[in-house]
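Trainee: Below is the structure I would like to discuss, written out as structure tokens.
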Amino acid sequence: MATLMIQGTTSDAGKSTVVAALCRWLARKGVSVAPFKPQNMALNSAVTVDGGEIGRSTALQALACGIAPHSDMNPVLLKPQSDRGAQVILRGHVYGNMDAVAYHRFKASAREAVMAAWESLTARFDAVIAEGAGSPAEVNLREHDIANMGFAEAADCPVLLVGDIDRGGVFAQLVGTLALVSGSERARIRGFVINRFRGDPALLESGLDWLEARTGTPVVGVLPFLPGLVLDAEDSIGRAGSGGGEGALRVVVPALPRMSNHTDFDPLRLHPQVDLQFIGPHQSPPPADLIILPGSKSTRGDLTWLRDHGWEQVLQRHLRYGGRVLGICGGYQMLGRSVADPDGIEGESGTTPGFALLDLETRLIAGKRLREVTGTLEPEGAVLRGYEIHNGVTTGAALSRPLLRLDGRVDGAVSGDAQVFGCYVHGLFDQPDAANALLARAGLVGGEAVDYPAHREAELDRLADAVEAHLDPAWLQEVLTVG
């Protein structure tokens, strides 16, 4: 059994994509391989085969391996609920809410869960490709670290350090990181990968020679910039924009402070007839055909944020002009008359008025619903596959007009004039038939949505092809000690 850890010089250096690429490359060679991320902070999550949840990027890496995502693959998931506090998910299930100071004290217990999960994976797979978080050079987070070198030291595994040349300053990133880690940690860094390179590799050779001479660490490969790459993001909205030329369906999504599972919108980025825009706090929403309220980790807080930033008036004006509004998960709850959190599940207890666009109310309760679902969009009958990750029970007259029929039950609601609709299911646009039907409701005529599951597989193969072409296979084979 071998474990190789991928760490990055910065957040978004490309750790997640490199891990996914290596996982798919090894799986294509017949190696039994699994991903592992000791600690993740993200609001994009996925349901696991054992009934838990993990970061969505780790679930994508499991797909790259050809295996089902399991809670062992991401034993600590932190889901921010405020600037100073987060919900702690331990081996797939809610452990509790903690502020940063309390979590720092909790890390010793979290380390036990991390190592137990890793040992469980190593007993089942020939290779484990682990992913760090942020940077190992964050000196203020070194004590009790479980996300980067702290795990690598405990697991006694080699590290491959990734730097992003597209941001600029990649040599400073790599050399500076080496300068800030300890001697034993520096010895673990067995190689560098330079990521997202554009242009003629010959122009980089003198810099690579200098880097190797300066550090004594080999450059294992230079991965090219892959234009238009769209894959499930760990947390950031992402680099790739949407498609949509003249006459495209205009879709607007408010970029909520605690927006969760915005990967719901990745298929719309790729749709050639959709102009998708995320609207931040200092932007005026443009005219739109469809406004989508996304999921949220802090539904009442984000509902207040929307109201404070004028979105209640935006929605009313949008509907007066015939637009459509879709709410997903937390966004669906916001469309009702109220969201109550009497037990403080997501923060301070209380009740917040909703937008009252659907005749329903929601009460948040302990016990998160985590499950994969299949069903149809009503009344079109278009097939969809998705997942639920939410707290809360929703009741009200609007539920008599459901949006979805799922495995013998119904979900969601549609307003009497059909302008407003919502549900708890994520992944509504992944299946082309369901996406076509939903977009047709918003006014898109003759649209042809992307088969996102097929696209995802093709992108993973594209990443593996880049590893095959640009990383040193002899180095990888030696470090992983797999044939």
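By order in the structure tokens, chains are A, B, ...; within a chain, residues start at 1; ligands start at 1, following the order shown.
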Report as a CSV table (one decimal) with C-alpha atoms, in the first residue's frame all protein, DNA and RNA residues lying within 9 Å of region 140-152 of chain A, evaluated on only C-alpha atoms, omitting residues in the same chain fewer than 5 positions from it.
Mentor:
chain,number,residue,atom,x,y,z
A,4,LEU,CA,1.0,10.1,-1.8
A,5,MET,CA,-0.1,13.5,-0.6
A,6,ILE,CA,-0.7,16.4,-2.9
A,7,GLN,CA,-0.2,19.8,-1.3
A,37,LYS,CA,-8.7,14.6,2.3
A,38,PRO,CA,-8.1,14.7,6.0
A,39,GLN,CA,-9.8,18.1,6.6
A,40,ASN,CA,-11.8,20.2,4.2
A,104,HIS,CA,-8.5,24.3,17.5
A,105,ARG,CA,-8.9,22.6,20.9
A,107,LYS,CA,-8.1,19.0,16.7
A,108,ALA,CA,-6.5,16.3,18.9
A,110,ALA,CA,-10.2,15.1,15.1
A,111,ARG,CA,-6.8,13.7,14.5
A,114,VAL,CA,-8.6,11.3,10.5
A,115,MET,CA,-6.1,8.5,11.2
A,131,GLU,CA,-5.0,16.1,-0.7
A,132,GLY,CA,-3.9,18.9,1.6
A,133,ALA,CA,-5.9,22.1,2.3
A,134,GLY,CA,-4.7,25.6,1.7
A,135,SER,CA,-0.9,25.7,2.1
A,157,CYS,CA,4.0,9.6,3.3
A,158,PRO,CA,5.8,11.6,0.6
A,159,VAL,CA,4.4,14.9,-0.6
A,181,VAL,CA,8.3,24.2,6.6
A,185,GLU,CA,8.7,18.3,6.4
A,188,ARG,CA,8.9,14.8,2.6
Trainee: Which polymer residues have any atom within 6 Å of an atom of region 318-334 of chain A, counting only C-alpha atoms, with same-chain residues fewer than 2 positions away left out, as a list in words?
Mentor: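 Contacts, with the query itself left out: Asp289, Leu290, Ile291, Ile292, Leu293, Pro294, Gly295, Ser296, Thr299, Val314, Leu315, Gln316, Gly336, Gly354, Gln419, Val420, Phe421, Gly422, Cys423, Tyr424 and Ala442 of chain A.
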Trainee: Enumerate the residues of region 229-398 of chain A with a DSSP assignment of helix (DSSP H, G or I), computed from the backbone, and present them as an MDAnalysis selection string.
Mentor: chainID A and resid 262:270 299:308 311:320 330:334 397:398
Trainee: Can those selected residues be exported to a file as a JSON list (two decimals), in the first residue's frame so that it contains N, CA and C atoms?
Mentor:
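Once everything was written out, this is out-v7.json:
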[["chain", "number", "residue", "atom", "x", "y", "z"],
["A", 262, "HIS", "N", -23.09, 25.22, -5.04],
["A", 262, "HIS", "CA", -23.26, 25.96, -6.29],
["A", 262, "HIS", "C", -22.83, 25.14, -7.50],
["A", 263, "THR", "N", -22.32, 23.93, -7.26],
["A", 263, "THR", "CA", -22.06, 23.01, -8.38],
["A", 263, "THR", "C", -23.36, 22.63, -9.09],
["A", 264, "ASP", "N", -24.52, 22.92, -8.48],
["A", 264, "ASP", "CA", -25.80, 22.75, -9.16],
["A", 264, "ASP", "C", -25.81, 23.47, -10.50],
["A", 265, "PHE", "N", -25.03, 24.55, -10.63],
["A", 265, "PHE", "CA", -25.11, 25.40, -11.80],
["A", 265, "PHE", "C", -24.03, 25.13, -12.83],
["A", 266, "ASP", "N", -23.15, 24.18, -12.56],
["A", 266, "ASP", "CA", -22.10, 23.86, -13.53],
["A", 266, "ASP", "C", -22.67, 23.46, -14.89],
["A", 267, "PRO", "N", -23.74, 22.65, -14.95],
["A", 267, "PRO", "CA", -24.29, 22.33, -16.28],
["A", 267, "PRO", "C", -24.77, 23.57, -17.03],
["A", 268, "LEU", "N", -25.22, 24.59, -16.31],
["A", 268, "LEU", "CA", -25.68, 25.81, -16.98],
["A", 268, "LEU", "C", -24.51, 26.62, -17.53],
["A", 269, "ARG", "N", -23.33, 26.51, -16.89],
["A", 269, "ARG", "CA", -22.14, 27.17, -17.43],
["A", 269, "ARG", "C", -21.83, 26.67, -18.83],
["A", 270, "LEU", "N", -22.11, 25.40, -19.05],
["A", 270, "LEU", "CA", -21.74, 24.74, -20.31],
["A", 270, "LEU", "C", -22.83, 24.84, -21.37],
["A", 299, "THR", "N", -29.52, 29.59, 6.18],
["A", 299, "THR", "CA", -30.68, 30.03, 5.40],
["A", 299, "THR", "C", -31.24, 31.35, 5.92],
["A", 300, "ARG", "N", -31.44, 31.45, 7.22],
["A", 300, "ARG", "CA", -32.01, 32.69, 7.76],
["A", 300, "ARG", "C", -31.05, 33.86, 7.60],
["A", 301, "GLY", "N", -29.76, 33.62, 7.81],
["A", 301, "GLY", "CA", -28.78, 34.69, 7.63],
["A", 301, "GLY", "C", -28.71, 35.17, 6.19],
["A", 302, "ASP", "N", -28.72, 34.24, 5.26],
["A", 302, "ASP", "CA", -28.66, 34.62, 3.84],
["A", 302, "ASP", "C", -29.97, 35.24, 3.38],
["A", 303, "LEU", "N", -31.09, 34.82, 3.96],
["A", 303, "LEU", "CA", -32.37, 35.45, 3.66],
["A", 303, "LEU", "C", -32.37, 36.91, 4.08],
["A", 304, "THR", "N", -31.84, 37.17, 5.27],
["A", 304, "THR", "CA", -31.71, 38.56, 5.73],
["A", 304, "THR", "C", -30.77, 39.34, 4.81],
["A", 305, "TRP", "N", -29.67, 38.70, 4.39],
["A", 305, "TRP", "CA", -28.72, 39.36, 3.48],
["A", 305, "TRP", "C", -29.41, 39.74, 2.17],
["A", 306, "LEU", "N", -30.20, 38.84, 1.62],
["A", 306, "LEU", "CA", -30.92, 39.14, 0.38],
["A", 306, "LEU", "C", -31.86, 40.32, 0.56],
["A", 307, "ARG", "N", -32.58, 40.31, 1.67],
["A", 307, "ARG", "CA", -33.53, 41.41, 1.91],
["A", 307, "ARG", "C", -32.78, 42.73, 2.08],
["A", 308, "ASP", "N", -31.67, 42.69, 2.81],
["A", 308, "ASP", "CA", -30.89, 43.92, 3.03],
["A", 308, "ASP", "C", -30.29, 44.47, 1.74],
["A", 311, "TRP", "N", -33.09, 42.35, -2.71],
["A", 311, "TRP", "CA", -33.55, 41.27, -3.59],
["A", 311, "TRP", "C", -35.06, 41.03, -3.49],
["A", 312, "GLU", "N", -35.69, 41.42, -2.39],
["A", 312, "GLU", "CA", -37.14, 41.26, -2.32],
["A", 312, "GLU", "C", -37.81, 42.09, -3.40],
["A", 313, "GLN", "N", -37.36, 43.32, -3.57],
["A", 313, "GLN", "CA", -37.91, 44.18, -4.63],
["A", 313, "GLN", "C", -37.53, 43.66, -6.01],
["A", 314, "VAL", "N", -36.31, 43.13, -6.13],
["A", 314, "VAL", "CA", -35.87, 42.56, -7.41],
["A", 314, "VAL", "C", -36.78, 41.41, -7.82],
["A", 315, "LEU", "N", -37.09, 40.52, -6.87],
["A", 315, "LEU", "CA", -37.95, 39.38, -7.18],
["A", 315, "LEU", "C", -39.35, 39.83, -7.55],
["A", 316, "GLN", "N", -39.90, 40.78, -6.84],
["A", 316, "GLN", "CA", -41.25, 41.25, -7.14],
["A", 316, "GLN", "C", -41.32, 41.88, -8.53],
["A", 317, "ARG", "N", -40.34, 42.71, -8.86],
["A", 317, "ARG", "CA", -40.30, 43.33, -10.18],
["A", 317, "ARG", "C", -40.12, 42.28, -11.27],
["A", 318, "HIS", "N", -39.23, 41.33, -11.02],
["A", 318, "HIS", "CA", -38.97, 40.25, -11.97],
["A", 318, "HIS", "C", -40.25, 39.47, -12.27],
["A", 319, "LEU", "N", -41.04, 39.17, -11.25],
["A", 319, "LEU", "CA", -42.27, 38.42, -11.45],
["A", 319, "LEU", "C", -43.34, 39.26, -12.14],
["A", 320, "ARG", "N", -43.39, 40.57, -11.86],
["A", 320, "ARG", "CA", -44.36, 41.44, -12.54],
["A", 320, "ARG", "C", -44.13, 41.44, -14.04],
["A", 330, "GLY", "N", -32.08, 25.49, 0.50],
["A", 330, "GLY", "CA", -32.28, 26.68, 1.31],
["A", 330, "GLY", "C", -33.01, 27.77, 0.54],
["A", 331, "GLY", "N", -32.72, 27.91, -0.74],
["A", 331, "GLY", "CA", -33.43, 28.88, -1.57],
["A", 331, "GLY", "C", -34.91, 28.57, -1.68],
["A", 332, "TYR", "N", -35.26, 27.29, -1.70],
["A", 332, "TYR", "CA", -36.66, 26.86, -1.68],
["A", 332, "TYR", "C", -37.32, 27.26, -0.37],
["A", 333, "GLN", "N", -36.63, 27.07, 0.75],
["A", 333, "GLN", "CA", -37.18, 27.47, 2.05],
["A", 333, "GLN", "C", -37.44, 28.98, 2.10],
["A", 334, "MET", "N", -36.56, 29.77, 1.49],
["A", 334, "MET", "CA", -36.71, 31.22, 1.49],
["A", 334, "MET", "C", -37.96, 31.68, 0.75],
["A", 397, "ALA", "N", -49.92, 24.66, 2.05],
["A", 397, "ALA", "CA", -50.84, 24.34, 0.96],
["A", 397, "ALA", "C", -50.13, 24.19, -0.38],
["A", 398, "ALA", "N", -49.00, 24.89, -0.55],
["A", 398, "ALA", "CA", -48.30, 24.84, -1.85],
["A", 398, "ALA", "C", -47.78, 23.44, -2.17]]
Trainee: What does the distance from CA of Gln277 (chain A) to CA of Val450 (chain A) come to in Å, to one decimal?
Mentor: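 It comes out at 17.9 Å.
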Trainee: Counting only C-alpha atoms, which residue out of A:Leu160, A:Leu358, A:Leu43, A:Phe125 sits closest to Lys15 (chain A)?
Mentor: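 Checking each candidate against Lys15 (chain A), we get A:Leu160 as the closest.
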Trainee: DSSP on the backbone: what in region 311-378 of chain A comes out strand (DSSP E or B), as a list in words?
Mentor: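 Everything in region 311-378 of chain A that counts as strand (DSSP E or B) is Arg324, Val325, Leu326, Gly327, Ile328, Ser338, Val339, Ala340, Asp341, Gly350, Thr351, Thr352, Pro353, Glu361, Thr362, Arg363, Arg369, Leu370, Arg371, Glu372, Val373, Thr374, Gly375, Thr376 and Leu377 of chain A.
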Trainee: Could you produce a table of the residues of region 98-194 of chain A lying within 9 Å of region 17-34 of chain A, with the nearest pair of atoms per residue and their separation in Å rounded to one decimal, using only C-alpha atoms, ordered by chain and increasing residue number, as a tab-separated table?
Mentor:
residue	atom	partner	partner_atom	distance
A:Leu121	CA	A:Ala34	CA	7.3
A:Thr122	CA	A:Ala34	CA	8.7
A:Arg124	CA	A:Ser32	CA	8.5
A:Phe125	CA	A:Ser32	CA	5.3
A:Asp126	CA	A:Ser32	CA	5.2
A:Ala127	CA	A:Val33	CA	4.7
A:Val128	CA	A:Ala34	CA	5.0
A:Ile129	CA	A:Val19	CA	6.4
A:Ala130	CA	A:Val19	CA	7.3
A:Glu131	CA	A:Val19	CA	6.8
A:Val162	CA	A:Val18	CA	8.4
Trainee: Could the residues in this selection be saved with N, CA and C atoms as a PDB file, in the first residue's frame?
Mentor:
ATOM      1  N   LEU A 121      -9.073   3.122   4.841  1.00  0.00           N
ATOM      2  CA  LEU A 121      -8.875   3.142   3.392  1.00  0.00           C
ATOM      3  C   LEU A 121      -7.663   2.314   2.983  1.00  0.00           C
ATOM      4  N   THR A 122      -6.574   2.437   3.732  1.00  0.00           N
ATOM      5  CA  THR A 122      -5.368   1.697   3.354  1.00  0.00           C
ATOM      6  C   THR A 122      -5.570   0.189   3.449  1.00  0.00           C
ATOM      7  N   ARG A 124      -8.248  -1.236   2.440  1.00  0.00           N
ATOM      8  CA  ARG A 124      -9.144  -1.636   1.350  1.00  0.00           C
ATOM      9  C   ARG A 124      -8.600  -1.334  -0.036  1.00  0.00           C
ATOM     10  N   PHE A 125      -7.588  -0.472  -0.147  1.00  0.00           N
ATOM     11  CA  PHE A 125      -7.101  -0.048  -1.459  1.00  0.00           C
ATOM     12  C   PHE A 125      -5.578  -0.163  -1.530  1.00  0.00           C
ATOM     13  N   ASP A 126      -5.080  -0.333  -2.746  1.00  0.00           N
ATOM     14  CA  ASP A 126      -3.639  -0.462  -2.958  1.00  0.00           C
ATOM     15  C   ASP A 126      -2.924   0.879  -2.868  1.00  0.00           C
ATOM     16  N   ALA A 127      -3.622   1.959  -3.223  1.00  0.00           N
ATOM     17  CA  ALA A 127      -3.004   3.289  -3.203  1.00  0.00           C
ATOM     18  C   ALA A 127      -4.021   4.304  -2.719  1.00  0.00           C
ATOM     19  N   VAL A 128      -3.541   5.304  -1.995  1.00  0.00           N
ATOM     20  CA  VAL A 128      -4.364   6.410  -1.533  1.00  0.00           C
ATOM     21  C   VAL A 128      -3.691   7.706  -1.975  1.00  0.00           C
ATOM     22  N   ILE A 129      -4.444   8.557  -2.654  1.00  0.00           N
ATOM     23  CA  ILE A 129      -3.941   9.870  -3.054  1.00  0.00           C
ATOM     24  C   ILE A 129      -4.611  10.894  -2.150  1.00  0.00           C
ATOM     25  N   ALA A 130      -3.813  11.466  -1.255  1.00  0.00           N
ATOM     26  CA  ALA A 130      -4.335  12.395  -0.257  1.00  0.00           C
ATOM     27  C   ALA A 130      -4.169  13.832  -0.745  1.00  0.00           C
ATOM     28  N   GLU A 131      -5.043  14.695  -0.256  1.00  0.00           N
ATOM     29  CA  GLU A 131      -5.023  16.102  -0.661  1.00  0.00           C
ATOM     30  C   GLU A 131      -4.924  16.995   0.563  1.00  0.00           C
ATOM     31  N   VAL A 162       2.351  21.395  -5.410  1.00  0.00           N
ATOM     32  CA  VAL A 162       1.815  21.995  -6.637  1.00  0.00           C
ATOM     33  C   VAL A 162       1.836  23.511  -6.521  1.00  0.00           C
TER      34      VAL A 162
END
Trainee: Of the residues A:Gly247, A:Gly14, A:Gly344, A:Pro201, which is the one nearest to Leu226 (chain A), using only C-alpha atoms?
Mentor: A:Gly14
Trainee: Which one is closest to Gly163 (chain A): A:Ile365, A:Arg56, A:Pro75, A:Ser11? Count only C-alpha atoms.
Mentor: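 Among the listed residues, the smallest separation from Gly163 (chain A) belongs to A:Ser11.
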Trainee: With only C-alpha atoms as the counted atoms, please give the residues lying no more than 12 Å from Val410 (chain A), apart from itself and same-chain residues fewer than 6 positions off, as a PDB file with C-alpha atoms, in the first residue's frame.
Mentor:
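Once written, part27.pdb looks like this:
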ATOM      1  CA  VAL A 373     -32.725  10.353  -5.176  1.00  0.00           C
ATOM      2  CA  THR A 374     -34.189   9.533  -8.566  1.00  0.00           C
ATOM      3  CA  GLY A 375     -37.493  10.680  -9.939  1.00  0.00           C
ATOM      4  CA  THR A 376     -39.318  12.783 -12.489  1.00  0.00           C
ATOM      5  CA  LEU A 377     -40.188  16.416 -13.030  1.00  0.00           C
ATOM      6  CA  GLU A 378     -43.956  16.947 -12.843  1.00  0.00           C
ATOM      7  CA  PRO A 379     -45.904  17.037 -15.112  1.00  0.00           C
ATOM      8  CA  LEU A 399     -47.107  21.255  -1.394  1.00  0.00           C
ATOM      9  CA  SER A 400     -50.323  20.083  -3.084  1.00  0.00           C
ATOM     10  CA  ARG A 401     -48.687  21.197  -6.360  1.00  0.00           C
ATOM     11  CA  PRO A 402     -45.328  19.323  -6.192  1.00  0.00           C
ATOM     12  CA  LEU A 403     -42.428  19.956  -8.521  1.00  0.00           C
ATOM     13  CA  LEU A 404     -40.947  16.446  -8.343  1.00  0.00           C
ATOM     14  CA  CYS A 423     -37.553  21.803  -4.168  1.00  0.00           C
ATOM     15  CA  TYR A 424     -34.968  20.254  -1.861  1.00  0.00           C
ATOM     16  CA  VAL A 425     -33.123  18.275  -4.552  1.00  0.00           C
TER      17      VAL A 425
END
Trainee: In Å, with one decimal, what is the gap from CA of Ala179 (chain A) to CA of Phe225 (chain A)?
Mentor: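 For CA of Ala179 (chain A) relative to CA of Phe225 (chain A), the distance reads 27.1 Å.
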Trainee: Residues within 10 Å of Val88 (chain A), please, as a PyMOL selection string. Count only C-alpha atoms; anything in the same chain fewer than 5 positions from it doesn't count.
Mentor: chain A and resi 41+76-80+93-99+103+110
Trainee: Give me a file of those residues, with C-alpha atoms, as a PDB file, in the first residue's frame.
Mentor:
ATOM      1  CA  MET A  41     -13.578  23.538   4.616  1.00  0.00           C
ATOM      2  CA  VAL A  76     -13.368  16.168   8.784  1.00  0.00           C
ATOM      3  CA  LEU A  77     -15.578  18.562   6.840  1.00  0.00           C
ATOM      4  CA  LEU A  78     -16.042  22.112   8.112  1.00  0.00           C
ATOM      5  CA  LYS A  79     -19.091  23.959   6.750  1.00  0.00           C
ATOM      6  CA  PRO A  80     -18.841  27.680   7.607  1.00  0.00           C
ATOM      7  CA  HIS A  93     -22.129  13.103  10.254  1.00  0.00           C
ATOM      8  CA  VAL A  94     -22.774  16.308  12.173  1.00  0.00           C
ATOM      9  CA  TYR A  95     -20.671  16.493  15.322  1.00  0.00           C
ATOM     10  CA  GLY A  96     -21.663  20.026  16.341  1.00  0.00           C
ATOM     11  CA  ASN A  97     -21.107  23.740  15.774  1.00  0.00           C
ATOM     12  CA  MET A  98     -17.800  25.291  16.858  1.00  0.00           C
ATOM     13  CA  ASP A  99     -16.025  28.591  16.650  1.00  0.00           C
ATOM     14  CA  TYR A 103     -12.201  23.750  16.917  1.00  0.00           C
ATOM     15  CA  ALA A 110     -10.247  15.115  15.130  1.00  0.00           C
TER      16      ALA A 110
END
Trainee: So, counting only C-alpha atoms, which residue among A:Ala464, A:Leu335, A:Leu180, A:Ile389 is closest to Val139 (chain A)?
Mentor: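 Smallest separation from Val139 (chain A) among the options: A:Leu180.
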Trainee: Just checking: using only C-alpha atoms, which residue out of A:Glu380, A:Glu112, A:Glu388, A:Glu448 ends up closest to Gly427 (chain A)?
Mentor: A:Glu388
Trainee: I'd like to know which of A:Val170, A:Asn195, A:Ile279, A:Ala2 is closest to Met259 (chain A), using only C-alpha atoms.
Mentor: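 The closest residue to Met259 (chain A) is A:Ile279.
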